[in-house]
file upload-v8.pdb (PDB, C-alpha atoms)
ATOM      1  CA  MET A  16     115.088  49.074 129.959  1.00  0.00           C
ATOM      2  CA  GLU A  17     115.332  52.667 128.909  1.00  0.00           C
ATOM      3  CA  ASP A  18     111.948  52.432 127.190  1.00  0.00           C
ATOM      4  CA  ASP A  19     110.261  51.789 130.541  1.00  0.00           C
ATOM      5  CA  PRO A  20     109.379  54.624 132.920  1.00  0.00           C
ATOM      6  CA  PHE A  21     112.016  55.382 135.505  1.00  0.00           C
ATOM      7  CA  GLY A  22     111.761  53.291 138.671  1.00  0.00           C
ATOM      8  CA  GLU A  23     108.615  51.667 139.887  1.00  0.00           C
ATOM      9  CA  PRO A  24     107.062  53.346 142.932  1.00  0.00           C
ATOM     10  CA  VAL A  25     108.529  51.809 146.057  1.00  0.00           C
ATOM     11  CA  PRO A  26     107.626  52.000 149.730  1.00  0.00           C
ATOM     12  CA  GLY A  27     110.153  53.151 152.282  1.00  0.00           C
ATOM     13  CA  SER A  28     112.831  55.782 152.510  1.00  0.00           C
ATOM     14  CA  LEU A  29     113.675  55.889 148.809  1.00  0.00           C
ATOM     15  CA  GLY A  30     110.067  56.063 147.635  1.00  0.00           C
ATOM     16  CA  SER A  31     109.845  59.848 147.480  1.00  0.00           C
ATOM     17  CA  ALA A  32     113.224  60.122 145.725  1.00  0.00           C
ATOM     18  CA  VAL A  33     112.214  57.582 143.061  1.00  0.00           C
ATOM     19  CA  ALA A  34     108.847  59.304 142.618  1.00  0.00           C
ATOM     20  CA  GLY A  35     110.549  62.694 142.215  1.00  0.00           C
ATOM     21  CA  ILE A  36     112.996  61.448 139.597  1.00  0.00           C
ATOM     22  CA  ARG A  37     110.233  59.663 137.729  1.00  0.00           C
ATOM     23  CA  SER A  38     108.056  62.791 137.772  1.00  0.00           C
ATOM     24  CA  ALA A  39     110.893  64.996 136.499  1.00  0.00           C
ATOM     25  CA  GLU A  40     111.603  62.584 133.657  1.00  0.00           C
ATOM     26  CA  GLU A  41     107.907  62.375 132.698  1.00  0.00           C
ATOM     27  CA  GLN A  42     107.680  66.184 132.640  1.00  0.00           C
ATOM     28  CA  VAL A  43     110.709  66.444 130.346  1.00  0.00           C
ATOM     29  CA  PHE A  44     109.201  63.941 127.918  1.00  0.00           C
ATOM     30  CA  ALA A  45     105.758  65.602 128.011  1.00  0.00           C
ATOM     31  CA  ALA A  46     106.945  69.189 127.479  1.00  0.00           C
ATOM     32  CA  ASP A  47     106.003  70.620 124.105  1.00  0.00           C
ATOM     33  CA  GLU A  48     108.471  73.480 124.068  1.00  0.00           C
ATOM     34  CA  ILE A  49     111.638  71.473 124.723  1.00  0.00           C
ATOM     35  CA  GLU A  50     113.082  68.286 123.325  1.00  0.00           C
ATOM     36  CA  GLY A  51     114.474  66.618 126.417  1.00  0.00           C
ATOM     37  CA  ILE A  52     116.667  63.596 127.008  1.00  0.00           C
ATOM     38  CA  ALA A  53     116.852  61.647 130.269  1.00  0.00           C
ATOM     39  CA  MET A  54     120.222  60.479 131.519  1.00  0.00           C
ATOM     40  CA  ARG A  55     120.020  57.615 134.024  1.00  0.00           C
ATOM     41  CA  TYR A  56     123.436  57.500 135.644  1.00  0.00           C
ATOM     42  CA  GLY A  57     124.821  54.743 137.826  1.00  0.00           C
ATOM     43  CA  ALA A  58     126.412  55.566 141.176  1.00  0.00           C
ATOM     44  CA  PHE A  59     129.132  58.138 140.546  1.00  0.00           C
ATOM     45  CA  TYR A  60     132.696  57.589 141.709  1.00  0.00           C
ATOM     46  CA  GLY A  61     136.083  58.977 140.746  1.00  0.00           C
ATOM     47  CA  ARG A  62     138.800  61.207 142.111  1.00  0.00           C
ATOM     48  CA  ASP A  63     136.332  63.312 144.088  1.00  0.00           C
ATOM     49  CA  SER A  64     135.611  64.111 147.722  1.00  0.00           C
ATOM     50  CA  PHE A  65     132.738  61.606 147.977  1.00  0.00           C
ATOM     51  CA  THR A  66     134.976  58.752 146.845  1.00  0.00           C
ATOM     52  CA  ARG A  67     137.697  59.905 149.281  1.00  0.00           C
ATOM     53  CA  MET A  68     135.101  59.844 152.063  1.00  0.00           C
ATOM     54  CA  ILE A  69     134.032  56.284 151.148  1.00  0.00           C
ATOM     55  CA  THR A  70     137.674  55.202 150.953  1.00  0.00           C
ATOM     56  CA  ASN A  71     138.387  56.677 154.397  1.00  0.00           C
ATOM     57  CA  LEU A  72     135.331  54.945 155.879  1.00  0.00           C
ATOM     58  CA  VAL A  73     136.522  51.629 154.413  1.00  0.00           C
ATOM     59  CA  ARG A  74     140.068  52.172 155.725  1.00  0.00           C
ATOM     60  CA  LYS A  75     138.710  52.832 159.220  1.00  0.00           C
ATOM     61  CA  ARG A  76     136.253  49.903 158.899  1.00  0.00           C
ATOM     62  CA  ARG A  77     133.321  52.235 159.523  1.00  0.00           C
ATOM     63  CA  LEU A  78     131.316  51.155 156.487  1.00  0.00           C
ATOM     64  CA  PRO A  79     130.025  47.628 157.019  1.00  0.00           C
ATOM     65  CA  VAL A  80     128.176  45.594 154.421  1.00  0.00           C
ATOM     66  CA  PRO A  81     125.339  43.108 154.742  1.00  0.00           C
ATOM     67  CA  SER A  82     126.542  39.553 155.332  1.00  0.00           C
ATOM     68  CA  SER A  83     124.478  38.599 152.276  1.00  0.00           C
ATOM     69  CA  GLY A  84     126.783  40.752 150.140  1.00  0.00           C
ATOM     70  CA  GLY A  85     124.069  43.330 149.631  1.00  0.00           C
ATOM     71  CA  GLY A  86     122.213  44.203 146.490  1.00  0.00           C
ATOM     72  CA  TYR A  87     123.655  44.819 143.054  1.00  0.00           C
ATOM     73  CA  ALA A  88     124.570  48.340 142.008  1.00  0.00           C
ATOM     74  CA  ASN A  89     125.730  49.917 138.787  1.00  0.00           C
ATOM     75  CA  PHE A  90     128.574  52.409 138.902  1.00  0.00           C
ATOM     76  CA  ILE A  91     129.940  54.986 136.500  1.00  0.00           C
ATOM     77  CA  TYR A  92     133.318  56.695 136.652  1.00  0.00           C
ATOM     78  CA  LEU A  93     132.856  60.489 136.693  1.00  0.00           C
ATOM     79  CA  ASP A  94     134.897  61.121 133.545  1.00  0.00           C
ATOM     80  CA  ASP A  95     132.796  58.549 131.688  1.00  0.00           C
ATOM     81  CA  ALA A  96     129.575  60.181 132.895  1.00  0.00           C
ATOM     82  CA  ALA A  97     130.793  63.520 131.544  1.00  0.00           C
ATOM     83  CA  ALA A  98     131.700  61.957 128.178  1.00  0.00           C
ATOM     84  CA  ALA A  99     128.262  60.322 127.971  1.00  0.00           C
ATOM     85  CA  THR A 100     126.589  63.649 128.674  1.00  0.00           C
ATOM     86  CA  VAL A 101     128.475  65.306 125.812  1.00  0.00           C
ATOM     87  CA  ALA A 102     127.595  62.392 123.505  1.00  0.00           C
ATOM     88  CA  ALA A 103     123.905  62.727 124.455  1.00  0.00           C
ATOM     89  CA  LEU A 104     123.946  66.468 123.747  1.00  0.00           C
ATOM     90  CA  GLU A 105     125.477  65.836 120.340  1.00  0.00           C
ATOM     91  CA  LYS A 106     123.684  62.651 119.250  1.00  0.00           C
ATOM     92  CA  GLY A 107     120.828  61.906 121.657  1.00  0.00           C
ATOM     93  CA  ARG A 108     117.267  61.601 120.413  1.00  0.00           C
ATOM     94  CA  PRO A 109     114.640  63.796 122.085  1.00  0.00           C
ATOM     95  CA  GLY A 110     112.229  61.883 124.295  1.00  0.00           C
ATOM     96  CA  GLN A 111     114.721  59.090 124.954  1.00  0.00           C
ATOM     97  CA  ALA A 112     116.296  57.834 128.156  1.00  0.00           C
ATOM     98  CA  TYR A 113     119.853  56.509 128.291  1.00  0.00           C
ATOM     99  CA  ASN A 114     121.386  54.354 131.026  1.00  0.00           C
ATOM    100  CA  ILE A 115     124.941  55.447 131.728  1.00  0.00           C
ATOM    101  CA  VAL A 116     126.737  52.735 133.675  1.00  0.00           C
ATOM    102  CA  ASP A 117     129.900  50.696 133.388  1.00  0.00           C
ATOM    103  CA  ASP A 118     129.893  47.168 132.050  1.00  0.00           C
ATOM    104  CA  GLU A 119     129.607  45.207 135.294  1.00  0.00           C
ATOM    105  CA  PRO A 120     126.940  45.412 138.007  1.00  0.00           C
ATOM    106  CA  VAL A 121     128.468  44.513 141.377  1.00  0.00           C
ATOM    107  CA  ARG A 122     127.342  43.628 144.876  1.00  0.00           C
ATOM    108  CA  TRP A 123     128.164  46.268 147.470  1.00  0.00           C
ATOM    109  CA  ALA A 124     130.363  43.854 149.416  1.00  0.00           C
ATOM    110  CA  ASP A 125     132.477  43.127 146.343  1.00  0.00           C
ATOM    111  CA  PHE A 126     132.765  46.824 145.480  1.00  0.00           C
ATOM    112  CA  LEU A 127     133.884  47.772 148.982  1.00  0.00           C
ATOM    113  CA  ASP A 128     136.178  44.729 149.267  1.00  0.00           C
ATOM    114  CA  THR A 129     137.895  45.950 146.094  1.00  0.00           C
ATOM    115  CA  VAL A 130     138.275  49.436 147.595  1.00  0.00           C
ATOM    116  CA  ALA A 131     139.823  47.887 150.709  1.00  0.00           C
ATOM    117  CA  ALA A 132     142.214  45.687 148.738  1.00  0.00           C
ATOM    118  CA  GLU A 133     143.408  48.519 146.473  1.00  0.00           C
ATOM    119  CA  PHE A 134     144.042  50.810 149.447  1.00  0.00           C
ATOM    120  CA  GLY A 135     145.659  48.151 151.654  1.00  0.00           C
ATOM    121  CA  ALA A 136     142.854  48.051 154.194  1.00  0.00           C
ATOM    122  CA  ARG A 137     141.022  45.175 155.804  1.00  0.00           C
ATOM    123  CA  ARG A 138     137.773  44.237 154.134  1.00  0.00           C
ATOM    124  CA  PRO A 139     134.599  45.802 155.559  1.00  0.00           C
ATOM    125  CA  ARG A 140     132.826  44.071 158.412  1.00  0.00           C
ATOM    126  CA  ARG A 141     129.864  41.863 157.558  1.00  0.00           C
ATOM    127  CA  LEU A 142     126.724  42.458 159.581  1.00  0.00           C
ATOM    128  CA  PRO A 143     123.332  40.777 159.438  1.00  0.00           C
ATOM    129  CA  THR A 144     121.109  42.570 156.953  1.00  0.00           C
ATOM    130  CA  TRP A 145     118.502  43.396 159.619  1.00  0.00           C
ATOM    131  CA  VAL A 146     121.061  45.620 161.410  1.00  0.00           C
ATOM    132  CA  PHE A 147     120.957  48.032 158.473  1.00  0.00           C
ATOM    133  CA  ARG A 148     117.245  48.694 159.054  1.00  0.00           C
ATOM    134  CA  ALA A 149     118.291  51.125 161.798  1.00  0.00           C
ATOM    135  CA  ILE A 150     119.554  53.436 159.036  1.00  0.00           C
ATOM    136  CA  PRO A 151     116.761  53.266 156.447  1.00  0.00           C
ATOM    137  CA  TYR A 152     118.610  55.104 153.667  1.00  0.00           C
ATOM    138  CA  LEU A 153     121.703  52.892 154.008  1.00  0.00           C
ATOM    139  CA  TYR A 154     119.478  49.816 154.199  1.00  0.00           C
ATOM    140  CA  ALA A 155     117.717  50.802 150.972  1.00  0.00           C
ATOM    141  CA  ILE A 156     120.971  51.484 149.138  1.00  0.00           C
ATOM    142  CA  MET A 157     122.753  48.356 150.372  1.00  0.00           C
ATOM    143  CA  THR A 158     119.894  45.925 149.764  1.00  0.00           C
ATOM    144  CA  THR A 159     118.253  47.143 146.558  1.00  0.00           C
ATOM    145  CA  SER A 160     119.408  45.339 143.427  1.00  0.00           C
ATOM    146  CA  MET A 161     119.587  47.192 140.162  1.00  0.00           C
ATOM    147  CA  ARG A 162     121.270  45.789 137.082  1.00  0.00           C
ATOM    148  CA  VAL A 163     121.022  47.874 133.949  1.00  0.00           C
ATOM    149  CA  SER A 164     122.875  48.071 130.662  1.00  0.00           C
ATOM    150  CA  SER A 165     124.293  50.940 128.633  1.00  0.00           C
ATOM    151  CA  ALA A 166     123.697  49.083 125.367  1.00  0.00           C
ATOM    152  CA  LYS A 167     121.369  51.773 124.025  1.00  0.00           C
ATOM    153  CA  ALA A 168     123.830  54.576 124.822  1.00  0.00           C
ATOM    154  CA  LYS A 169     126.606  52.623 123.147  1.00  0.00           C
ATOM    155  CA  ARG A 170     124.491  51.963 120.084  1.00  0.00           C
ATOM    156  CA  GLU A 171     122.817  55.357 119.643  1.00  0.00           C
ATOM    157  CA  LEU A 172     125.354  57.758 121.121  1.00  0.00           C
ATOM    158  CA  GLY A 173     128.537  56.008 120.076  1.00  0.00           C
ATOM    159  CA  TRP A 174     129.645  56.160 123.701  1.00  0.00           C
ATOM    160  CA  ALA A 175     131.278  53.483 125.811  1.00  0.00           C
ATOM    161  CA  PRO A 176     132.874  53.804 129.228  1.00  0.00           C
ATOM    162  CA  ALA A 177     136.650  54.168 129.093  1.00  0.00           C
ATOM    163  CA  VAL A 178     136.678  52.689 132.600  1.00  0.00           C
ATOM    164  CA  SER A 179     134.699  49.553 131.870  1.00  0.00           C
ATOM    165  CA  THR A 180     134.507  48.058 135.368  1.00  0.00           C
ATOM    166  CA  TYR A 181     134.536  49.261 138.953  1.00  0.00           C
ATOM    167  CA  ARG A 182     137.789  47.314 139.489  1.00  0.00           C
ATOM    168  CA  ASP A 183     139.545  49.372 136.819  1.00  0.00           C
ATOM    169  CA  GLY A 184     138.180  52.601 138.257  1.00  0.00           C
ATOM    170  CA  ILE A 185     139.156  51.840 141.832  1.00  0.00           C
ATOM    171  CA  ARG A 186     142.653  50.905 140.637  1.00  0.00           C
ATOM    172  CA  LEU A 187     142.911  54.271 138.830  1.00  0.00           C
ATOM    173  CA  ILE A 188     141.888  56.121 141.974  1.00  0.00           C
ATOM    174  CA  ALA A 189     144.297  54.145 144.160  1.00  0.00           C
ATOM    175  CA  ASN A 190     147.200  54.681 141.752  1.00  0.00           C
ATOM    176  CA  ALA A 191     146.491  58.423 141.597  1.00  0.00           C
ATOM    177  CA  SER A 192     146.632  58.686 145.389  1.00  0.00           C
ATOM    178  CA  ARG A 193     149.978  56.904 145.712  1.00  0.00           C
TER
END

call {"tool": "encode", "arguments": {"input": "upload-v8.pdb", "output": "structure tokens"}}
result
Amino acid sequence: MEDDPFGEPVPGSLGSAVAGIRSAEEQVFAADEIEGIAMRYGAFYGRDSFTRMITNLVRKRRLPVPSSGGGYANFIYLDDAAAATVAALEKGRPGQAYNIVDDEPVRWADFLDTVAAEFGARRPRRLPTWVFRAIPYLYAIMTTSMRVSSAKAKRELGWAPAVSTYRDGIRLIANASR
């Protein structure tokens, strides 16, 4: 929930990143001289170089996923993130946090399978989850589950994602590259 502090402290490779984001958000809310808003974005994707890199890794089958399917992630199409930012600047309430994600949390395996299908590639390899421990950052990303809602942003900012699911967004990207 947006009313809760950002991310609980966690051990491991993402712990310092979560602590840093949480600290920055707390400082914004505590500052007397500014009226800050916190934007909590999902994983960005769109017609950008990062998404092209992910797509190329999937095409070459160099981005495996845990055999369990991995954790749940929330995504947000870049254009929708920009629109939400403008809405927050115009209508956001100081001292509030807003989750900016699309309407459907998804397991990493399903997300990357959709990328593969839209780009005519074979689905990513499945590996036992323990294999990912060799790359702590990838392990943390692929196994952490996070399911959040943009209900508050929709209600208070009058914003909703134009690209409502990762499937729609991946299809847009694939069609643009054809």

call {"tool": "resolve_selection", "arguments": {"input": "upload-v8.pdb", "expression": "the PyMOL selection byres ((chain A and resi 117) around 12)", "output": "number ranges by chain"}}
result
A: 56-60, 88-96, 99, 114-116, 118-121, 162-166, 168-169, 174-184

call {"tool": "resolve_selection", "arguments": {"input": "upload-v8.pdb", "expression": "the PyMOL selection byres ((chain A and resi 145) around 12)", "output": "PyMOL selection string"}}
result
chain A and resi 80-83+85+141-144+146-151+153-155+157-158

call {"tool": "write_last_selection", "arguments": {"input": "upload-v8.pdb", "atoms": "C-alpha atoms", "output": "CSV table (one decimal), in the frame of the given file"}}
result
chain,number,residue,atom,x,y,z
A,80,VAL,CA,128.2,45.6,154.4
A,81,PRO,CA,125.3,43.1,154.7
A,82,SER,CA,126.5,39.6,155.3
A,83,SER,CA,124.5,38.6,152.3
A,85,GLY,CA,124.1,43.3,149.6
A,141,ARG,CA,129.9,41.9,157.6
A,142,LEU,CA,126.7,42.5,159.6
A,143,PRO,CA,123.3,40.8,159.4
A,144,THR,CA,121.1,42.6,157.0
A,146,VAL,CA,121.1,45.6,161.4
A,147,PHE,CA,121.0,48.0,158.5
A,148,ARG,CA,117.2,48.7,159.1
A,149,ALA,CA,118.3,51.1,161.8
A,150,ILE,CA,119.6,53.4,159.0
A,151,PRO,CA,116.8,53.3,156.4
A,153,LEU,CA,121.7,52.9,154.0
A,154,TYR,CA,119.5,49.8,154.2
A,155,ALA,CA,117.7,50.8,151.0
A,157,MET,CA,122.8,48.4,150.4
A,158,THR,CA,119.9,45.9,149.8

call {"tool": "atom_distance", "arguments": {"input": "upload-v8.pdb", "atom1": "CA of Val101 in chain A", "atom2": "CA of Ala39 in chain A"}}
result
20.6 Å

call {"tool": "resolve_selection", "arguments": {"input": "upload-v8.pdb", "expression": "the PyMOL selection byres ((chain A and resi 65-76) around 9)", "output": "CSV table (one decimal) with C-alpha atoms, in the coordinates of the input"}}
result
chain,number,residue,atom,x,y,z
A,59,PHE,CA,129.1,58.1,140.5
A,60,TYR,CA,132.7,57.6,141.7
A,61,GLY,CA,136.1,59.0,140.7
A,62,ARG,CA,138.8,61.2,142.1
A,63,ASP,CA,136.3,63.3,144.1
A,64,SER,CA,135.6,64.1,147.7
A,77,ARG,CA,133.3,52.2,159.5
A,78,LEU,CA,131.3,51.2,156.5
A,79,PRO,CA,130.0,47.6,157.0
A,127,LEU,CA,133.9,47.8,149.0
A,128,ASP,CA,136.2,44.7,149.3
A,130,VAL,CA,138.3,49.4,147.6
A,131,ALA,CA,139.8,47.9,150.7
A,134,PHE,CA,144.0,50.8,149.4
A,135,GLY,CA,145.7,48.2,151.7
A,136,ALA,CA,142.9,48.1,154.2
A,137,ARG,CA,141.0,45.2,155.8
A,138,ARG,CA,137.8,44.2,154.1
A,139,PRO,CA,134.6,45.8,155.6
A,140,ARG,CA,132.8,44.1,158.4
A,188,ILE,CA,141.9,56.1,142.0

call {"tool": "closest_residue", "arguments": {"input": "upload-v8.pdb", "among": "A:Ala132, A:Ala103, A:Ile185, A:Ala124", "to": "Lys167 in chain A", "atoms": "only C-alpha atoms"}}
result
A:Ala103

call {"tool": "closest_residue", "arguments": {"input": "upload-v8.pdb", "among": "A:Gly173, A:Pro109, A:Gly86, A:Gly51", "to": "Arg122 in chain A", "atoms": "all atoms listed in the file"}}
result
A:Gly86

call {"tool": "atom_distance", "arguments": {"input": "upload-v8.pdb", "atom1": "CA of Ile156 in chain A", "atom2": "CA of Asp125 in chain A"}}
result
14.5 Å

call {"tool": "atom_distance", "arguments": {"input": "upload-v8.pdb", "atom1": "CA of Tyr152 in chain A", "atom2": "CA of Ala34 in chain A"}}
result
15.3 Å

call {"tool": "closest_residue", "arguments": {"input": "upload-v8.pdb", "among": "A:Glu133, A:Asp47, A:Glu23, A:Glu40", "to": "Tyr113 in chain A", "atoms": "all atoms listed in the file"}}
result
A:Glu40

call {"tool": "residues_around", "arguments": {"input": "upload-v8.pdb", "residues": "Ile52 in chain A", "least_positions_apart": "4", "cutoff": "6 Å", "atoms": "all atoms listed in the file", "output": "PyMOL selection string"}}
result
chain A and resi 109-112

call {"tool": "decode", "arguments": {"input": "upload-v8.pdb", "residues": "range 111-136 of chain A", "atoms": "N, CA, C and O atoms", "output": "CSV table (one decimal), in the first residue's frame"}}
result
chain,number,residue,atom,x,y,z
A,111,GLN,N,2.4,12.3,-0.3
A,111,GLN,CA,1.8,11.0,-0.7
A,111,GLN,C,2.7,10.2,-1.7
A,111,GLN,O,3.5,10.8,-2.4
A,112,ALA,N,2.5,8.9,-1.6
A,112,ALA,CA,3.2,8.0,-2.5
A,112,ALA,C,2.2,7.4,-3.5
A,112,ALA,O,1.1,7.2,-3.1
A,113,TYR,N,2.6,7.3,-4.7
A,113,TYR,CA,1.7,6.7,-5.8
A,113,TYR,C,2.5,5.5,-6.5
A,113,TYR,O,3.6,5.7,-7.0
A,114,ASN,N,1.8,4.4,-6.5
A,114,ASN,CA,2.3,3.2,-7.3
A,114,ASN,C,1.9,3.5,-8.7
A,114,ASN,O,0.8,3.8,-9.0
A,115,ILE,N,2.9,3.3,-9.6
A,115,ILE,CA,2.6,3.5,-11.0
A,115,ILE,C,3.0,2.2,-11.7
A,115,ILE,O,4.2,1.9,-12.0
A,116,VAL,N,2.0,1.4,-11.9
A,116,VAL,CA,2.2,0.1,-12.6
A,116,VAL,C,1.0,-0.2,-13.5
A,116,VAL,O,0.0,0.4,-13.4
A,117,ASP,N,1.2,-1.2,-14.4
A,117,ASP,CA,0.1,-1.6,-15.2
A,117,ASP,C,-0.9,-2.5,-14.4
A,117,ASP,O,-0.7,-2.6,-13.2
A,118,ASP,N,-1.9,-3.0,-15.0
A,118,ASP,CA,-3.0,-3.6,-14.3
A,118,ASP,C,-2.8,-5.1,-14.0
A,118,ASP,O,-3.7,-5.8,-13.5
A,119,GLU,N,-1.6,-5.7,-14.4
A,119,GLU,CA,-1.4,-7.1,-14.2
A,119,GLU,C,0.0,-7.5,-13.8
A,119,GLU,O,0.9,-7.6,-14.6
A,120,PRO,N,0.2,-7.9,-12.5
A,120,PRO,CA,1.5,-8.4,-12.1
A,120,PRO,C,1.7,-9.7,-12.8
A,120,PRO,O,0.7,-10.4,-13.2
A,121,VAL,N,2.9,-10.0,-13.1
A,121,VAL,CA,3.3,-11.2,-13.9
A,121,VAL,C,4.5,-11.9,-13.4
A,121,VAL,O,5.5,-11.2,-13.0
A,122,ARG,N,4.6,-13.2,-13.5
A,122,ARG,CA,5.8,-13.9,-13.2
A,122,ARG,C,6.8,-13.7,-14.3
A,122,ARG,O,6.4,-13.5,-15.5
A,123,TRP,N,8.1,-13.7,-14.0
A,123,TRP,CA,9.1,-13.4,-14.9
A,123,TRP,C,9.1,-14.4,-16.1
A,123,TRP,O,9.3,-14.0,-17.2
A,124,ALA,N,8.8,-15.6,-15.8
A,124,ALA,CA,8.8,-16.6,-16.9
A,124,ALA,C,7.7,-16.3,-17.9
A,124,ALA,O,7.9,-16.3,-19.1
A,125,ASP,N,6.5,-15.9,-17.4
A,125,ASP,CA,5.4,-15.5,-18.3
A,125,ASP,C,5.8,-14.2,-19.1
A,125,ASP,O,5.4,-14.2,-20.3
A,126,PHE,N,6.4,-13.3,-18.5
A,126,PHE,CA,6.8,-12.0,-19.2
A,126,PHE,C,7.7,-12.4,-20.3
A,126,PHE,O,7.5,-12.0,-21.4
A,127,LEU,N,8.8,-13.1,-20.0
A,127,LEU,CA,9.8,-13.4,-21.0
A,127,LEU,C,9.3,-14.4,-22.0
A,127,LEU,O,9.7,-14.3,-23.2
A,128,ASP,N,8.4,-15.3,-21.7
A,128,ASP,CA,7.8,-16.2,-22.7
A,128,ASP,C,7.0,-15.3,-23.7
A,128,ASP,O,7.0,-15.6,-24.9
A,129,THR,N,6.3,-14.3,-23.2
A,129,THR,CA,5.5,-13.4,-24.1
A,129,THR,C,6.5,-12.7,-25.0
A,129,THR,O,6.2,-12.5,-26.2
A,130,VAL,N,7.6,-12.2,-24.5
A,130,VAL,CA,8.6,-11.5,-25.3
A,130,VAL,C,9.0,-12.5,-26.4
A,130,VAL,O,9.1,-12.1,-27.6
A,131,ALA,N,9.4,-13.7,-26.1
A,131,ALA,CA,9.8,-14.7,-27.0
A,131,ALA,C,8.8,-15.0,-28.1
A,131,ALA,O,9.0,-15.0,-29.3
A,132,ALA,N,7.5,-15.2,-27.7
A,132,ALA,CA,6.4,-15.4,-28.6
A,132,ALA,C,6.2,-14.3,-29.6
A,132,ALA,O,6.1,-14.5,-30.8
A,133,GLU,N,6.2,-13.1,-29.1
A,133,GLU,CA,6.0,-11.9,-30.0
A,133,GLU,C,7.1,-11.7,-31.0
A,133,GLU,O,6.9,-11.1,-32.0
A,134,PHE,N,8.3,-12.1,-30.6
A,134,PHE,CA,9.5,-11.9,-31.5
A,134,PHE,C,9.9,-13.1,-32.2
A,134,PHE,O,11.0,-13.2,-32.8
A,135,GLY,N,9.1,-14.2,-32.2
A,135,GLY,CA,9.3,-15.4,-32.9
A,135,GLY,C,10.5,-16.2,-32.4
A,135,GLY,O,11.2,-16.9,-33.2
A,136,ALA,N,10.8,-16.1,-31.1
A,136,ALA,CA,11.9,-16.8,-30.6
A,136,ALA,C,11.5,-18.0,-29.7
A,136,ALA,O,10.3,-18.1,-29.3
